[in-house]
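Asker: Please find structure-v6.txt (compact mmCIF, C-alpha atoms) on the next line:
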```txt
# COMPACT_ATOMS: atom_id res chain seq x y z
CA MET A 1 -49.14 51.78 33.85
CA ASN A 2 -50.39 55.31 33.14
CA GLN A 3 -51.23 56.33 29.61
CA GLU A 4 -48.25 57.85 27.84
CA LYS A 5 -48.06 61.62 27.45
CA HIS A 6 -46.40 63.27 24.44
CA ILE A 7 -44.44 66.50 24.70
CA SER A 8 -42.27 68.48 22.32
CA THR A 9 -39.34 70.84 22.88
CA PRO A 10 -38.76 73.60 23.80
CA LEU A 11 -40.87 73.04 26.92
CA THR A 12 -43.52 75.48 28.08
CA ASP A 13 -44.56 75.98 31.70
CA GLU A 14 -48.02 74.77 30.72
CA ALA A 15 -46.61 71.47 29.38
CA ILE A 16 -44.42 71.03 32.45
CA LYS A 17 -47.33 71.59 34.83
CA SER A 18 -49.29 68.82 33.07
CA LEU A 19 -46.61 66.25 34.01
CA HIS A 20 -46.68 64.32 37.28
CA ALA A 21 -44.18 62.05 39.00
CA GLY A 22 -44.46 58.53 37.55
CA ASP A 23 -45.94 59.63 34.19
CA GLN A 24 -44.63 57.82 31.13
CA VAL A 25 -43.67 60.49 28.60
CA ARG A 26 -42.50 60.55 24.96
CA ILE A 27 -40.31 63.49 23.93
CA THR A 28 -40.04 64.79 20.37
CA GLY A 29 -37.78 67.61 19.23
CA VAL A 30 -34.30 68.89 20.00
CA ILE A 31 -32.46 67.99 23.20
CA TYR A 32 -28.86 68.75 24.24
CA THR A 33 -26.39 66.32 25.77
CA ALA A 34 -24.03 67.30 28.57
CA ARG A 35 -22.35 65.30 31.29
CA ASP A 36 -19.60 65.88 33.86
CA ALA A 37 -16.92 67.73 31.90
CA ALA A 38 -19.38 69.79 29.80
CA HIS A 39 -21.28 70.81 32.93
CA LYS A 40 -18.11 72.15 34.46
CA LYS A 41 -17.53 74.28 31.35
CA LEU A 42 -21.15 75.44 31.05
CA ALA A 43 -21.19 76.46 34.72
CA ALA A 44 -17.93 78.37 34.26
CA LEU A 45 -19.46 80.31 31.34
CA LEU A 46 -22.50 81.25 33.41
CA GLU A 47 -20.36 82.27 36.36
CA ALA A 48 -18.28 84.52 34.08
CA GLY A 49 -21.49 86.14 32.86
CA ARG A 50 -21.07 84.78 29.34
CA SER A 51 -23.70 83.13 27.15
CA LEU A 52 -24.00 79.40 26.68
CA PRO A 53 -23.17 77.73 23.33
CA PHE A 54 -26.91 77.10 22.87
CA ASP A 55 -29.98 79.10 23.85
CA PRO A 56 -31.09 77.40 27.09
CA ALA A 57 -34.65 78.80 27.10
CA GLY A 58 -37.07 75.92 27.51
CA GLN A 59 -34.48 73.32 26.57
CA ILE A 60 -33.83 69.82 27.88
CA ILE A 61 -30.37 68.60 28.89
CA TYR A 62 -29.76 64.86 28.57
CA TYR A 63 -26.97 63.38 30.67
CA THR A 64 -25.34 61.01 28.24
CA GLY A 65 -21.99 60.31 26.60
CA PRO A 66 -22.73 58.26 23.48
CA THR A 67 -20.51 55.63 21.92
CA PRO A 68 -19.17 56.55 18.45
CA ALA A 69 -21.72 56.21 15.63
CA PRO A 70 -21.02 53.22 13.42
CA PRO A 71 -21.46 53.74 9.64
CA GLY A 72 -25.06 54.39 8.64
CA ARG A 73 -26.30 55.42 12.07
CA PRO A 74 -26.65 58.92 13.55
CA ILE A 75 -25.38 57.89 16.98
CA GLY A 76 -24.10 54.90 18.92
CA SER A 77 -25.42 53.62 22.23
CA CYS A 78 -26.79 56.55 24.27
CA GLY A 79 -28.45 55.72 27.56
CA PRO A 80 -28.55 58.02 30.60
CA THR A 81 -25.64 58.46 32.98
CA THR A 82 -26.13 58.92 36.74
CA SER A 83 -27.51 62.36 37.47
CA TYR A 84 -26.27 63.26 40.97
CA ARG A 85 -22.79 64.01 39.62
CA MET A 86 -24.26 67.03 37.83
CA ASP A 87 -26.01 68.35 40.98
CA LYS A 88 -23.31 70.90 41.74
CA TYR A 89 -23.92 72.66 38.41
CA THR A 90 -27.65 72.11 37.85
CA PRO A 91 -29.30 74.97 39.82
CA ALA A 92 -27.37 77.57 37.79
CA LEU A 93 -28.45 75.96 34.51
CA LEU A 94 -32.10 75.91 35.59
CA ALA A 95 -31.83 79.56 36.63
CA ALA A 96 -30.46 80.27 33.13
CA GLY A 97 -33.61 78.88 31.50
CA VAL A 98 -33.11 75.14 31.06
CA LYS A 99 -36.47 73.49 31.76
CA GLY A 100 -35.93 69.76 31.57
CA LEU A 101 -33.32 67.22 32.63
CA ILE A 102 -32.97 63.58 31.61
CA GLY A 103 -30.78 61.17 33.53
CA LYS A 104 -31.04 58.37 36.03
CA GLY A 105 -31.16 58.18 39.81
CA ARG A 106 -31.61 60.49 42.75
CA ARG A 107 -30.99 64.25 42.96
CA GLY A 108 -29.84 66.33 45.90
CA PRO A 109 -32.04 68.81 47.80
CA ALA A 110 -30.65 71.90 46.03
CA VAL A 111 -31.64 70.48 42.64
CA LEU A 112 -35.09 69.43 43.86
CA ASP A 113 -35.63 72.97 45.21
CA ALA A 114 -34.47 74.56 41.95
CA ILE A 115 -36.81 72.32 39.95
CA GLN A 116 -39.76 73.73 41.92
CA THR A 117 -38.51 77.33 41.99
CA HIS A 118 -38.07 77.50 38.21
CA THR A 119 -40.97 75.20 37.19
CA CYS A 120 -38.83 72.45 35.69
CA VAL A 121 -39.04 68.68 35.34
CA TYR A 122 -36.53 65.87 35.89
CA PHE A 123 -37.05 62.79 33.75
CA SER A 124 -35.58 59.34 34.16
CA ALA A 125 -34.62 57.30 31.09
CA GLU A 126 -34.19 53.53 31.45
CA GLY A 127 -30.66 53.02 32.73
CA GLY A 128 -28.44 50.60 30.84
CA CYS A 129 -30.63 50.60 27.73
CA GLY A 130 -28.44 52.70 25.45
CA ALA A 131 -28.89 50.45 22.43
CA LEU A 132 -32.67 50.69 22.67
CA LEU A 133 -32.71 54.45 23.28
CA ALA A 134 -30.47 55.09 20.26
CA ASN A 135 -33.40 54.00 18.06
CA TYR A 136 -35.27 57.20 19.02
CA VAL A 137 -32.43 59.54 18.02
CA LYS A 138 -32.70 60.76 14.44
CA THR A 139 -29.81 63.24 14.17
CA CYS A 140 -26.75 64.09 16.23
CA GLU A 141 -24.23 66.93 15.89
CA VAL A 142 -21.60 68.41 18.16
CA VAL A 143 -22.37 72.02 19.09
CA ALA A 144 -19.73 72.75 21.75
CA PHE A 145 -16.49 71.51 23.30
CA PRO A 146 -15.52 69.01 20.57
CA ASP A 147 -12.24 68.41 22.43
CA LEU A 148 -14.23 66.59 25.12
CA GLY A 149 -15.02 63.68 22.79
CA THR A 150 -18.00 61.75 24.09
CA GLU A 151 -18.46 64.48 26.72
CA ALA A 152 -18.96 67.24 24.12
CA VAL A 153 -22.34 68.98 23.95
CA HIS A 154 -24.35 67.30 21.19
CA ARG A 155 -27.63 68.53 19.72
CA LEU A 156 -29.92 65.55 19.23
CA THR A 157 -33.19 65.39 17.34
CA VAL A 158 -35.37 62.78 18.98
CA GLU A 159 -38.73 61.25 18.13
CA ASN A 160 -40.92 59.71 20.82
CA PHE A 161 -37.93 59.32 23.14
CA PRO A 162 -39.24 57.31 26.13
CA VAL A 163 -38.77 58.66 29.66
CA SER A 164 -40.69 58.81 32.93
CA VAL A 165 -41.13 61.73 35.32
CA PHE A 166 -38.84 61.22 38.33
CA CYS A 167 -39.47 64.67 39.86
CA ASP A 168 -42.29 66.97 38.77
CA CYS A 169 -42.45 70.75 39.19
CA GLU A 170 -44.23 70.41 42.51
CA GLY A 171 -41.41 68.30 43.96
CA ASN A 172 -43.19 64.93 43.86
CA ILE A 173 -40.82 62.01 43.26
CA TYR A 174 -41.42 58.59 41.77
CA SER A 175 -39.18 55.62 41.00
CA PRO A 176 -40.29 51.99 40.83
CA TYR A 177 -37.15 51.09 42.79
CA LEU A 178 -37.51 53.50 45.73
CA MET B 1 7.96 19.28 32.81
CA SER B 2 7.72 20.97 29.44
CA VAL B 3 6.88 24.63 29.16
CA ARG B 4 4.44 25.86 26.52
CA GLU B 5 5.60 28.93 24.63
CA LEU B 6 2.90 31.46 23.77
CA GLU B 7 3.20 34.78 21.96
CA ALA B 8 1.72 37.69 23.92
CA GLY B 9 0.15 38.77 20.61
CA ARG B 10 -2.35 35.96 21.12
CA LEU B 11 -3.64 37.95 24.10
CA THR B 12 -4.15 40.97 21.85
CA ASP B 13 -6.37 38.96 19.50
CA ALA B 14 -8.36 37.45 22.36
CA VAL B 15 -8.90 40.74 24.21
CA ALA B 16 -9.91 42.56 21.00
CA LYS B 17 -12.53 39.92 20.21
CA LEU B 18 -13.82 39.37 23.74
CA TYR B 19 -14.15 43.06 24.65
CA VAL B 20 -16.40 43.77 21.65
CA GLN B 21 -18.39 40.58 22.22
CA ALA B 22 -18.94 41.42 25.90
CA CYS B 23 -20.23 44.90 25.03
CA LEU B 24 -22.72 43.65 22.42
CA VAL B 25 -24.05 40.33 23.72
CA LEU B 26 -24.99 39.35 27.27
CA PRO B 27 -23.97 35.92 28.63
CA GLU B 28 -26.85 33.39 28.63
CA PRO B 29 -27.01 33.05 32.46
CA VAL B 30 -27.45 36.83 32.74
CA LYS B 31 -30.17 36.86 30.08
CA ALA B 32 -32.03 34.13 31.97
CA LYS B 33 -32.01 36.22 35.14
CA LEU B 34 -33.25 39.30 33.25
CA TYR B 35 -36.09 37.37 31.57
CA ALA B 36 -37.14 36.25 35.05
CA PHE B 37 -37.02 39.85 36.33
CA GLY B 38 -39.20 40.92 33.40
CA ASN B 39 -38.45 44.60 32.64
CA PRO B 40 -39.54 44.87 28.95
CA TYR B 41 -37.16 47.76 28.12
CA ILE B 42 -34.18 45.79 29.35
CA ILE B 43 -35.24 42.65 27.48
CA GLU B 44 -35.73 44.61 24.25
CA ASN B 45 -32.34 46.27 24.78
CA PHE B 46 -30.44 42.98 24.71
CA GLU B 47 -32.75 41.05 22.37
CA LYS B 48 -32.88 43.49 19.46
CA ASN B 49 -29.22 44.36 19.33
CA GLY B 50 -25.82 42.98 18.44
CA ILE B 51 -24.78 46.04 16.42
CA ILE B 52 -24.06 48.80 18.92
CA PRO B 53 -23.04 48.43 22.58
CA LEU B 54 -25.81 47.46 25.01
CA CYS B 55 -24.79 50.40 27.17
CA GLN B 56 -22.95 53.56 26.16
CA ASP B 57 -20.65 53.07 29.13
CA THR B 58 -18.39 50.39 27.72
CA GLY B 59 -16.47 50.69 30.94
CA MET B 60 -12.95 50.24 32.04
CA ALA B 61 -11.73 47.09 30.35
CA ALA B 62 -11.16 44.74 33.27
CA VAL B 63 -9.05 41.91 31.86
CA TYR B 64 -8.47 38.77 33.91
CA LEU B 65 -5.67 36.43 32.89
CA GLU B 66 -5.55 33.03 34.53
CA ILE B 67 -2.11 31.91 33.44
CA GLY B 68 -1.13 28.27 33.67
CA GLN B 69 2.21 27.97 35.43
CA ASP B 70 3.49 25.78 32.57
CA VAL B 71 3.05 28.60 30.05
CA HIS B 72 5.79 31.00 29.07
CA LEU B 73 4.38 34.15 27.48
CA THR B 74 6.85 35.91 25.23
CA GLY B 75 6.54 39.64 24.69
CA ASP B 76 5.15 42.48 26.76
CA ILE B 77 1.94 41.23 28.40
CA PRO B 78 0.40 44.55 29.57
CA ALA B 79 1.22 46.15 26.20
CA ALA B 80 -0.37 43.23 24.36
CA VAL B 81 -3.54 43.51 26.46
CA ASP B 82 -3.75 47.28 25.94
CA GLU B 83 -3.35 46.79 22.19
CA GLY B 84 -6.33 44.44 22.31
CA VAL B 85 -8.38 47.11 24.09
CA ARG B 86 -7.30 49.74 21.57
CA ARG B 87 -8.31 47.54 18.65
CA ALA B 88 -11.68 46.66 20.21
CA VAL B 89 -12.52 50.31 20.82
CA LYS B 90 -11.76 51.22 17.20
CA GLU B 91 -13.31 48.22 15.49
CA GLY B 92 -16.29 47.85 17.83
CA TYR B 93 -17.11 51.59 18.11
CA LEU B 94 -16.72 51.44 21.88
CA ARG B 95 -16.48 54.55 24.04
CA SER B 96 -13.23 56.05 25.24
CA SER B 97 -13.99 56.68 28.90
CA ILE B 98 -10.57 56.62 30.53
CA VAL B 99 -8.74 59.70 31.79
CA ALA B 100 -4.99 59.44 32.29
CA ASP B 101 -5.03 61.10 35.70
CA PRO B 102 -7.87 61.26 38.26
CA LEU B 103 -7.47 65.00 38.95
CA ARG B 104 -6.10 66.38 35.69
CA ARG B 105 -8.57 64.31 33.65
CA THR B 106 -7.31 64.15 30.08
CA ASN B 107 -9.01 61.38 28.11
CA THR B 108 -6.52 58.82 26.77
CA GLY B 109 -8.61 58.60 23.58
CA ASP B 110 -8.50 54.82 23.17
CA ASN B 111 -9.88 53.57 26.51
CA THR B 112 -6.48 52.26 27.62
CA PRO B 113 -4.99 51.18 29.92
CA ALA B 114 -6.86 48.01 30.80
CA LEU B 115 -7.41 47.03 34.41
CA LEU B 116 -5.20 43.96 34.28
CA ASN B 117 -5.58 41.17 36.85
CA VAL B 118 -3.26 38.17 36.74
CA GLU B 119 -3.69 34.89 38.57
CA LEU B 120 -1.42 31.83 38.41
CA VAL B 121 -3.18 28.49 38.02
CA PRO B 122 -2.05 24.91 37.30
CA GLY B 123 -1.70 23.74 33.68
CA ASP B 124 -0.47 25.06 30.34
CA ARG B 125 -3.46 27.13 29.21
CA VAL B 126 -4.32 30.80 29.54
CA LYS B 127 -7.91 31.81 30.27
CA VAL B 128 -8.70 35.34 29.15
CA THR B 129 -11.79 37.06 30.53
CA VAL B 130 -12.85 40.59 29.64
CA ALA B 131 -15.45 42.05 31.99
CA PRO B 132 -16.20 45.68 31.16
CA ARG B 133 -17.97 47.48 33.95
CA GLY B 134 -19.50 50.93 33.71
CA PHE B 135 -19.07 53.44 36.49
CA GLY B 136 -22.76 54.01 37.23
CA CYS B 137 -22.57 50.84 39.29
CA GLU B 138 -18.83 50.86 40.02
CA ASN B 139 -19.31 54.14 41.93
CA LYS B 140 -21.72 52.37 44.28
CA GLY B 141 -19.23 49.85 45.68
CA ARG B 142 -18.34 50.16 49.38
CA ILE B 143 -16.13 48.51 51.96
CA ALA B 144 -16.52 48.23 55.75
CA MET B 145 -13.75 46.98 58.00
CA LEU B 146 -16.18 45.32 60.41
CA ALA B 147 -15.17 43.90 63.78
CA PRO B 148 -15.40 40.15 64.41
CA ALA B 149 -18.13 40.91 66.98
CA ASP B 150 -20.30 42.43 64.22
CA GLY B 151 -20.68 38.92 62.80
CA VAL B 152 -23.25 37.86 60.24
CA GLU B 153 -25.74 40.51 61.40
CA GLY B 154 -23.19 43.24 60.73
CA VAL B 155 -22.52 41.81 57.28
CA LYS B 156 -26.21 41.63 56.41
CA ALA B 157 -26.82 45.20 57.57
CA PHE B 158 -23.90 46.57 55.54
CA VAL B 159 -24.84 44.65 52.38
CA LEU B 160 -28.46 45.80 52.53
CA GLU B 161 -27.51 49.39 53.28
CA THR B 162 -25.10 49.44 50.33
CA ALA B 163 -27.63 47.85 48.00
CA LYS B 164 -30.32 50.38 48.93
CA LEU B 165 -27.95 53.28 48.40
CA ALA B 166 -27.07 51.89 44.96
CA VAL B 167 -30.51 52.03 43.39
CA PRO B 168 -31.97 53.52 41.33
CA ASP B 169 -28.70 55.26 40.36
CA ALA B 170 -26.85 52.07 39.38
CA CYS B 171 -29.08 50.57 36.70
CA PRO B 172 -31.31 48.01 38.44
CA PRO B 173 -31.84 45.10 38.62
CA VAL B 174 -28.33 44.84 40.02
CA MET B 175 -26.06 41.91 40.83
CA ILE B 176 -24.73 42.27 44.37
CA GLY B 177 -21.23 40.84 44.91
CA VAL B 178 -19.92 40.46 48.45
CA GLY B 179 -16.29 39.83 49.36
CA LEU B 180 -15.81 38.72 52.95
CA GLY B 181 -12.49 38.33 54.72
CA GLY B 182 -9.03 38.75 53.27
CA SER B 183 -7.72 42.26 53.82
CA PHE B 184 -8.55 45.88 52.99
CA ASP B 185 -7.36 45.38 49.39
CA ARG B 186 -8.45 41.77 48.90
CA ALA B 187 -12.12 41.96 49.89
CA PRO B 188 -13.22 44.35 47.07
CA ALA B 189 -11.49 42.18 44.46
CA LEU B 190 -13.39 39.16 45.77
CA ALA B 191 -16.65 41.14 45.73
CA LYS B 192 -16.21 42.07 42.09
CA LYS B 193 -15.26 38.51 41.17
CA ALA B 194 -18.40 37.30 42.97
CA THR B 195 -20.63 39.30 40.61
CA LEU B 196 -19.29 37.22 37.72
CA ARG B 197 -19.78 33.82 39.32
CA GLU B 198 -22.09 31.48 37.36
CA GLU B 199 -22.24 28.40 39.62
CA PRO B 200 -24.28 28.13 42.82
CA ASN B 201 -22.31 28.67 46.03
CA PRO B 202 -20.83 25.27 47.00
CA ASP B 203 -20.88 26.14 50.72
CA PRO B 204 -24.42 25.60 52.13
CA PHE B 205 -23.85 28.19 54.87
CA TYR B 206 -23.10 30.93 52.34
CA ALA B 207 -25.70 29.65 49.87
CA ALA B 208 -28.33 30.18 52.57
CA LEU B 209 -27.00 33.66 53.39
CA GLU B 210 -27.06 34.55 49.69
CA GLU B 211 -30.68 33.43 49.43
CA GLU B 212 -31.72 35.40 52.50
CA LEU B 213 -30.08 38.58 51.15
CA TYR B 214 -31.57 38.00 47.68
CA GLN B 215 -35.08 37.69 49.15
CA ALA B 216 -34.53 41.04 50.88
CA THR B 217 -33.39 42.77 47.67
CA LYS B 218 -35.23 41.04 44.83
CA LYS B 219 -37.36 44.08 44.06
CA PHE B 220 -34.21 45.56 42.50
CA SER B 221 -31.66 42.73 42.24
CA ILE B 222 -31.00 39.60 40.20
CA GLY B 223 -28.84 37.93 42.82
CA VAL B 224 -26.44 38.12 45.74
CA HIS B 225 -23.13 36.25 45.42
CA ILE B 226 -20.64 35.91 48.26
CA ILE B 227 -17.00 34.89 48.16
CA ALA B 228 -15.40 34.35 51.56
CA ALA B 229 -11.66 34.09 52.29
CA PRO B 230 -9.42 33.54 55.29
CA THR B 231 -8.81 36.68 57.32
CA HIS B 232 -7.13 37.97 60.49
CA ILE B 233 -8.28 37.31 64.09
CA ALA B 234 -8.91 41.06 64.49
CA GLY B 235 -10.91 41.66 61.34
CA LEU B 236 -14.03 41.07 59.25
CA PRO B 237 -13.52 42.98 55.98
CA CYS B 238 -16.80 43.25 54.08
CA ALA B 239 -16.82 44.67 50.55
CA VAL B 240 -19.84 45.06 48.31
CA SER B 241 -19.52 45.43 44.55
CA ILE B 242 -22.57 46.40 42.50
CA GLY B 243 -22.96 45.11 38.95
CA CYS B 244 -25.63 46.72 36.77
CA HIS B 245 -28.10 44.61 34.76
CA SER B 246 -25.73 44.84 31.79
CA LEU B 247 -23.52 42.29 33.52
CA ARG B 248 -20.99 41.90 30.76
CA TYR B 249 -18.20 39.39 30.43
CA ALA B 250 -16.73 37.04 27.85
CA SER B 251 -14.00 34.40 28.17
CA GLU B 252 -11.75 32.27 26.00
CA VAL B 253 -9.13 29.65 26.77
CA ILE B 254 -5.92 29.82 24.74
```
Represent the structure of the file as structure tokens.

Answerer:
Amino acid sequence: MNQEKHISTPLTDEAIKSLHAGDQVRITGVIYTARDAAHKKLAALLEAGRSLPFDPAGQIIYYTGPTPAPPGRPIGSCGPTTSYRMDKYTPALLAAGVKGLIGKGRRGPAVLDAIQTHTCVYFSAEGGCGALLANYVKTCEVVAFPDLGTEAVHRLTVENFPVSVFCDCEGNIYSPYL
Amino acid sequence: MSVRELEAGRLTDAVAKLYVQACLVLPEPVKAKLYAFGNPYIIENFEKNGIIPLCQDTGMAAVYLEIGQDVHLTGDIPAAVDEGVRRAVKEGYLRSSIVADPLRRTNTGDNTPALLNVELVPGDRVKVTVAPRGFGCENKGRIAMLAPADGVEGVKAFVLETAKLAVPDACPPVMIGVGLGGSFDRAPALAKKATLREEPNPDPFYAALEEELYQATKKFSIGVHIIAAPTHIAGLPCAVSIGCHSLRYASEVI
């Protein structure tokens, strides 16, 4: 296994270019959650020429819908959901300044192209390990669409959140299962 | 023949307990398969837990009732089961992932209704099984209405194609359930049931086919289970159900 790399958010092009498909990476800083329903709303805002509920510049979007936080914890279980369902909306978000994506599984050609065009990176988190991944989340607050429940946009503060690079900014892809 | 009276409220208690238990603790046979597979993240996920759900997708609550034909359940059975789901979601901090309508998509807020499956069996007991399944893997299920001439080669090709399309999206290592025969609606139900089977296949023909398919998929699977059923002279229904590594289920006999 490669040596782990550490990065912090917001992401710079320099940091993104240092990452290669298959790298094990630890992320520290703020990341934003969004999944199916939130993506539909974010894309509608962009299409209407309006601003997003958070500044997308250099930010990472994590595809997850956490379970409710039990007492004494910032968040419940929060592993990645399958990424391809967000493909329809992703190129517009990358064009708007989002630099990183965390999810699981394959992406379509339009997303892979947009990742290269805008110098972005797509990370994979370990699927089905939401209990483990919750340990790396220090704070969690809803920043948009509270009516969506688990699908609301949450701002998470993470420390050493473990991911691997599925697709780097040059379009190289790695998964141990492919 | 005497009939045993049972309050449907007993189902509520069982479902509430079993749904939370299934989301927090993996069954021992599943753990054994995951230790053998050896992914350290997955092992840590189920070893150092028991407080929050193993996976954030606490699924649709598939509830299987095997009702002895000598039992009379009093009360509203689907309502009692849904109340159990509602209580589990609140007390166990499970996720509400169900929308009331597939196109209009308003979340029901309490993860109801359950996916209720009822089977009549001999005896005067009721076996309650709750098997929550997330949709990362549920979305990867497929069915092919093969022709009899496609035979075992057609089945193998379809199972392997489906399994390869499933990963890495549906959290590997996956359990591959295959339902053969029956009809267009029966085969997928058999396939899903096959993912939950704990015993070896009693039919040596299918046991050998399972082993051959497992050898071809073991880079990303923890097993291939087949359930076969009588079918029509014109058909060979073949359904494949994918279970993720969080293969969750819990049962109780009332």

Asker: Chain A residues within 10 Å of chain B, counting only C-alpha atoms: which ones, as number ranges by chain?

Answerer: A: 37, 64-71, 73, 75-84, 103-107, 124, 126-134, 147-151, 162, 175-178

Asker: So what do you get for atom CA of Gly59 of chain B versus atom CA of Thr195 of chain B, distance-wise?

Answerer: 15.5 Å

Asker: Please report the interatomic distance between atom CA of Asn201 of chain B and atom CA of Ala114 of chain B in Å with one decimal.

Answerer: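 Atom-to-atom, atom CA of Asn201 of chain B and atom CA of Ala114 of chain B are spaced 29.1 Å apart.
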
Asker: Closest to Thr12 of chain A among A:Tyr136, A:Asp87, A:Gln59, A:Thr117, using only C-alpha atoms?

Answerer: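 Of A:Tyr136, A:Asp87, A:Gln59, A:Thr117, the one nearest Thr12 of chain A, counting only C-alpha atoms, is A:Gln59.
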
Asker: Would you mind reading off the distance between atom CA of Ala88 of chain B and atom CA of Val20 of chain B, one decimal, in Å?

Answerer: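 Atom CA of Val20 of chain B lies 5.7 Å from atom CA of Ala88 of chain B.
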
Asker: Using only C-alpha atoms, pick whichever of B:Leu160, B:Ala234, B:Leu116, B:Val99 has the shortest atom-to-atom distance to Val178 of chain B.

Answerer: B:Leu160

Asker: Counting all atoms listed in the file, what is within 8 Å of Leu65 of chain B, bar same-chain residues fewer than 3 positions away, as a PyMOL selection string?

Answerer: chain B and resi 116-119+126-129
